Every structure is written in C-alpha cells, then in structure tokens.
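S.K.: Below are the structure tokens for one structure; questions will follow.
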Amino acid sequence: MKIAVVIPAFNEERVIGSVLKQLPRKLPGIETIDMIVVNDGSTDATENIAKTFDVVVLRHVINRGLGATLGTGLAYARDHGYDLVVTFDADGQHDPAELKDVIQPVLQGRAEVVVGTRLKKPDGMPWHRRIGIWAFNLITFVLFGVWTTDSQSGLRVFSRRALEQMEIDFQGMEVSSGLFSEIGRLKLRYVEVPIQAIYTDYSLAKGQRPGNGFSILFRLLWHKFVK
C-alpha cells in the first residue's frame, strides 16, 4: 500500500517546515507514505524549506490557484501508481495525527472518497466561518446533489479508483465544492470523518475571505451551466 500526501502550498514559509516535520512517515499496514508538496508560484522560501525534507516538490512558475495546484498533485499521484491519496493543507490547520483516522474508510473498503469534516467538531471555529461553510454546503448540494457537512475542508482522501476517474478542471478555490460534482457524477462512495481544526491567527488569515464568496459562486455556476 502506497500513500501520497499532496500538500498545496503558496507562501507558507512560516509553517511548511512544521507541517512536514509532524506528518507521519509510518502507519500500520502502510508500506510507503510520500509527501508531495506543490509549490504554487510562491515568492518566499516555501520551496527551499520543503526541499530540506525527504519530499517530492512540484512547482508552478506562477500562482495558478488551489484547483490547479491540487490537479498537479493528484495527476502526479495517479501517474506514479499510488493506491491512496490524501490532500492536506499547508497552513497548519490540520492535525497530522488524524491522518491515520481519515484513511481508514478507504482502507476498509467502505469508501472511495473521505472528507475530514470540521463541522462535527466545531470547537474554536469562528462563527462567521461556520456560517460561510454551511452556505457553501447548501450551494454544493443544490448544484451537485451531494450533501456534505464541510464542503470547504482541505483534508480529503481518494482511492485509486476515484483518482483514476475524477476530472479536476477547476482552477481556484471553487475546487473544494467542485470536487463534489465528481463524487456525484461518478457515484463514488463517500464518507465523512470528524476532525478538529487548529485555528491560529495565521491559518485564519490564509483561509477564504467573505469577499471571495461571490467569485467562487460565479465559477461554480459557470462550471455547472456553461462549461
């Protein structure tokens, strides 16, 4: 069993080293765990810091957006024969110790896609974040017919079958909701696992802002009705 952990990163020099240091390199029953950092045109030392660790570093020359960055990492994992792929935010918001929990439904054959949901453990989440996530949960359901309690989570797991069939053609932050269009289109078995988000001033500043919501909604509507 080979696992790839895809870490999209844009100007994360303050925390990328800590994230890579804490992610587990061994888990029971797992032969290989590889870290794939996708540097999305960072202008700081993100890439240089990542290269000091035993990881694969992929690079966008310019900042292309979260969707394009995830697409690059998932394509690499697919082309290199990984059995399971995890997406993991680079801003320190996820607890690396929960990696072993979110992969279990796929390892046990109960799911092809897993999302770590923060809304089932919302302690410490600012109220405006909760409202924003629920709003996008509703939009995601209306557009793509898949209900989730955390459409904006960055901690996800994909089986080999899901990886081979999904078409990730989103460029920006709309990819978080857009992935559910693929779950619905392909009728992939989907499970949620509660996770605890780690909120700091830094991670809150790196997340989605209210002003981005209209742009994300427009791109989702374009993908649904125009593309």
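Within each chain, counting starts at residue 1; across the structure tokens, chains are named A, B, ... in the order shown, with ligands numbered 1 upward in that order.
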I'd like a table as a Markdown table: residues in range 17-96 of chain A with an atom no more than 12 Å from range 161-165 of chain A, each row giving the shortest atom pair and its distance in Å to one decimal, only C-alpha atoms counted, sorted by chain and rising residue number.
M.R.:
| residue | atom | partner | partner_atom | distance |
| --- | --- | --- | --- | --- |
| A:Leu70 | CA | A:Leu163 | CA | 11.8 |
| A:Gly71 | CA | A:Leu163 | CA | 10.5 |
| A:Gly73 | CA | A:Leu163 | CA | 11.0 |
| A:Leu74 | CA | A:Leu163 | CA | 7.2 |
| A:Ala75 | CA | A:Leu163 | CA | 8.3 |
| A:Tyr76 | CA | A:Leu163 | CA | 10.5 |
| A:Ala77 | CA | A:Leu163 | CA | 8.3 |
| A:Arg78 | CA | A:Leu163 | CA | 6.3 |
| A:Asp79 | CA | A:Glu164 | CA | 9.2 |
| A:His80 | CA | A:Glu164 | CA | 11.5 |
| A:Gly81 | CA | A:Glu164 | CA | 10.0 |
| A:Tyr82 | CA | A:Leu163 | CA | 9.3 |
| A:Asp83 | CA | A:Arg161 | CA | 8.6 |
| A:Leu84 | CA | A:Leu163 | CA | 8.2 |
| A:Val85 | CA | A:Leu163 | CA | 7.9 |
| A:Val86 | CA | A:Leu163 | CA | 10.6 |
| A:Thr87 | CA | A:Leu163 | CA | 11.9 |
S.K.: When DSSP works through the backbone of this structure, what residues of range 14-213 of chain A end up as helix (DSSP H, G or I), shown as a VMD selection string?
M.R.: chain A and resid 16 to 22 46 to 50 66 to 79 96 to 102 104 to 107 127 to 144 160 to 165 175 to 186 201 to 206 212 to 213
S.K.: Can those selected residues be exported to a file as a PDB file, in the first residue's frame so that it contains C-alpha atoms?
M.R.:
ATOM      1  CA  ILE A  16       5.561  24.421   5.958  1.00  0.00           C
ATOM      2  CA  GLY A  17       8.551  23.042   7.851  1.00  0.00           C
ATOM      3  CA  SER A  18       6.465  22.306  10.936  1.00  0.00           C
ATOM      4  CA  VAL A  19       3.732  20.631   8.868  1.00  0.00           C
ATOM      5  CA  LEU A  20       6.211  18.367   7.061  1.00  0.00           C
ATOM      6  CA  LYS A  21       8.018  17.519  10.290  1.00  0.00           C
ATOM      7  CA  GLN A  22       4.825  16.392  12.029  1.00  0.00           C
ATOM      8  CA  THR A  46       8.407  27.789   0.819  1.00  0.00           C
ATOM      9  CA  GLU A  47      10.088  25.667  -1.839  1.00  0.00           C
ATOM     10  CA  ASN A  48      13.578  25.888  -0.344  1.00  0.00           C
ATOM     11  CA  ILE A  49      12.300  24.840   3.073  1.00  0.00           C
ATOM     12  CA  ALA A  50      10.305  21.943   1.620  1.00  0.00           C
ATOM     13  CA  LEU A  66      -5.778  25.962  -5.449  1.00  0.00           C
ATOM     14  CA  GLY A  67      -7.652  23.928  -8.053  1.00  0.00           C
ATOM     15  CA  ALA A  68      -4.744  23.864 -10.482  1.00  0.00           C
ATOM     16  CA  THR A  69      -2.354  23.023  -7.637  1.00  0.00           C
ATOM     17  CA  LEU A  70      -4.434  20.093  -6.432  1.00  0.00           C
ATOM     18  CA  GLY A  71      -4.777  18.975 -10.038  1.00  0.00           C
ATOM     19  CA  THR A  72      -0.993  18.898 -10.433  1.00  0.00           C
ATOM     20  CA  GLY A  73      -0.528  16.892  -7.236  1.00  0.00           C
ATOM     21  CA  LEU A  74      -3.319  14.420  -7.953  1.00  0.00           C
ATOM     22  CA  ALA A  75      -2.078  13.865 -11.511  1.00  0.00           C
ATOM     23  CA  TYR A  76       1.411  13.110 -10.191  1.00  0.00           C
ATOM     24  CA  ALA A  77      -0.011  10.624  -7.686  1.00  0.00           C
ATOM     25  CA  ARG A  78      -2.114   8.944 -10.369  1.00  0.00           C
ATOM     26  CA  ASP A  79       0.809   8.687 -12.797  1.00  0.00           C
ATOM     27  CA  PRO A  96      -1.233  15.335  11.369  1.00  0.00           C
ATOM     28  CA  ALA A  97      -2.168  12.713  13.967  1.00  0.00           C
ATOM     29  CA  GLU A  98      -5.643  12.465  12.369  1.00  0.00           C
ATOM     30  CA  LEU A  99      -4.190  11.199   9.101  1.00  0.00           C
ATOM     31  CA  LYS A 100      -4.491   7.616  10.331  1.00  0.00           C
ATOM     32  CA  ASP A 101      -8.206   8.121  11.054  1.00  0.00           C
ATOM     33  CA  VAL A 102      -9.283   9.690   7.769  1.00  0.00           C
ATOM     34  CA  GLN A 104      -9.461   4.107   7.446  1.00  0.00           C
ATOM     35  CA  PRO A 105     -12.765   4.122   5.480  1.00  0.00           C
ATOM     36  CA  VAL A 106     -10.840   3.684   2.219  1.00  0.00           C
ATOM     37  CA  LEU A 107      -8.505   1.047   3.643  1.00  0.00           C
ATOM     38  CA  TRP A 127     -18.965  31.886  13.960  1.00  0.00           C
ATOM     39  CA  HIS A 128     -18.524  33.588  10.587  1.00  0.00           C
ATOM     40  CA  ARG A 129     -16.524  30.588   9.339  1.00  0.00           C
ATOM     41  CA  ARG A 130     -19.331  28.228  10.344  1.00  0.00           C
ATOM     42  CA  ILE A 131     -21.904  30.348   8.502  1.00  0.00           C
ATOM     43  CA  GLY A 132     -19.719  30.547   5.407  1.00  0.00           C
ATOM     44  CA  ILE A 133     -19.127  26.801   5.313  1.00  0.00           C
ATOM     45  CA  TRP A 134     -22.820  25.995   5.758  1.00  0.00           C
ATOM     46  CA  ALA A 135     -23.662  28.434   2.958  1.00  0.00           C
ATOM     47  CA  PHE A 136     -21.294  26.640   0.601  1.00  0.00           C
ATOM     48  CA  ASN A 137     -22.578  23.274   1.803  1.00  0.00           C
ATOM     49  CA  LEU A 138     -26.038  24.334   0.631  1.00  0.00           C
ATOM     50  CA  ILE A 139     -24.725  25.698  -2.670  1.00  0.00           C
ATOM     51  CA  THR A 140     -22.777  22.475  -3.239  1.00  0.00           C
ATOM     52  CA  PHE A 141     -25.880  20.378  -2.615  1.00  0.00           C
ATOM     53  CA  VAL A 142     -28.102  22.472  -4.878  1.00  0.00           C
ATOM     54  CA  LEU A 143     -25.581  22.441  -7.745  1.00  0.00           C
ATOM     55  CA  PHE A 144     -24.180  18.926  -7.491  1.00  0.00           C
ATOM     56  CA  ARG A 160      -7.101   4.657  -6.607  1.00  0.00           C
ATOM     57  CA  ARG A 161     -10.380   4.169  -8.477  1.00  0.00           C
ATOM     58  CA  ALA A 162     -11.545   7.682  -7.611  1.00  0.00           C
ATOM     59  CA  LEU A 163      -8.174   9.127  -8.585  1.00  0.00           C
ATOM     60  CA  GLU A 164      -8.256   7.449 -11.987  1.00  0.00           C
ATOM     61  CA  GLN A 165     -11.793   8.599 -12.829  1.00  0.00           C
ATOM     62  CA  VAL A 175     -12.351  23.288  -6.398  1.00  0.00           C
ATOM     63  CA  SER A 176     -13.381  22.479  -2.810  1.00  0.00           C
ATOM     64  CA  SER A 177     -17.075  22.485  -3.726  1.00  0.00           C
ATOM     65  CA  GLY A 178     -16.360  21.370  -7.271  1.00  0.00           C
ATOM     66  CA  LEU A 179     -14.887  18.063  -6.170  1.00  0.00           C
ATOM     67  CA  PHE A 180     -18.368  17.071  -5.066  1.00  0.00           C
ATOM     68  CA  SER A 181     -19.542  17.367  -8.656  1.00  0.00           C
ATOM     69  CA  GLU A 182     -17.182  14.493  -9.441  1.00  0.00           C
ATOM     70  CA  ILE A 183     -18.341  12.491  -6.421  1.00  0.00           C
ATOM     71  CA  GLY A 184     -21.906  12.830  -7.670  1.00  0.00           C
ATOM     72  CA  ARG A 185     -21.159  12.303 -11.371  1.00  0.00           C
ATOM     73  CA  LEU A 186     -19.153   9.144 -10.747  1.00  0.00           C
ATOM     74  CA  ASP A 201      -4.268  33.944  13.537  1.00  0.00           C
ATOM     75  CA  TYR A 202      -2.079  32.684  10.708  1.00  0.00           C
ATOM     76  CA  SER A 203      -4.409  29.911   9.495  1.00  0.00           C
ATOM     77  CA  LEU A 204      -7.452  32.183   9.749  1.00  0.00           C
ATOM     78  CA  ALA A 205      -5.715  34.816   7.635  1.00  0.00           C
ATOM     79  CA  LYS A 206      -4.834  32.211   4.981  1.00  0.00           C
ATOM     80  CA  ASN A 212     -14.092  35.623  -2.276  1.00  0.00           C
ATOM     81  CA  GLY A 213     -17.501  34.019  -1.949  1.00  0.00           C
TER      82      GLY A 213
END
S.K.: Determine which residues of range 4-156 of chain A DSSP labels as strand (DSSP E) from the backbone of this structure, then write them out as a PyMOL selection string.
M.R.: chain A and resi 4-9+32-40+56-60+84-87+113-117+156
S.K.: Which residue gives the smallest distance to Asp123 in chain A among A:Pro24, A:Pro194, A:Gly29, A:Gly41, with only C-alpha atoms counted?
M.R.: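 Of the candidates, the smallest distance to Asp123 in chain A is held by A:Pro194.
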S.K.: Nearest residue to Thr117 in chain A out of A:Asp54, A:Asp40, A:Asp150, A:Glu174, using only C-alpha atoms?
M.R.: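 Distance minimum relative to Thr117 in chain A lands on A:Asp150.
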S.K.: A:Val55, A:Val193, A:Leu188, A:Met1: which is nearest Glu31 in chain A, counting only C-alpha atoms?
M.R.: A:Met1
S.K.: Could you tell me how far CA of Leu217 in chain A sits from CA of Val38 in chain A, in Å to one decimal place?
M.R.: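 Atom-to-atom, CA of Val38 in chain A to CA of Leu217 in chain A, that is 25.1 Å.
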S.K.: Find the residue from A:Ser215, A:Gly92, A:Ser42, A:Ala4 that sits nearest to Arg25 in chain A; use only C-alpha atoms when measuring.
M.R.: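 Under the stated criterion, the closest residue is A:Ala4.
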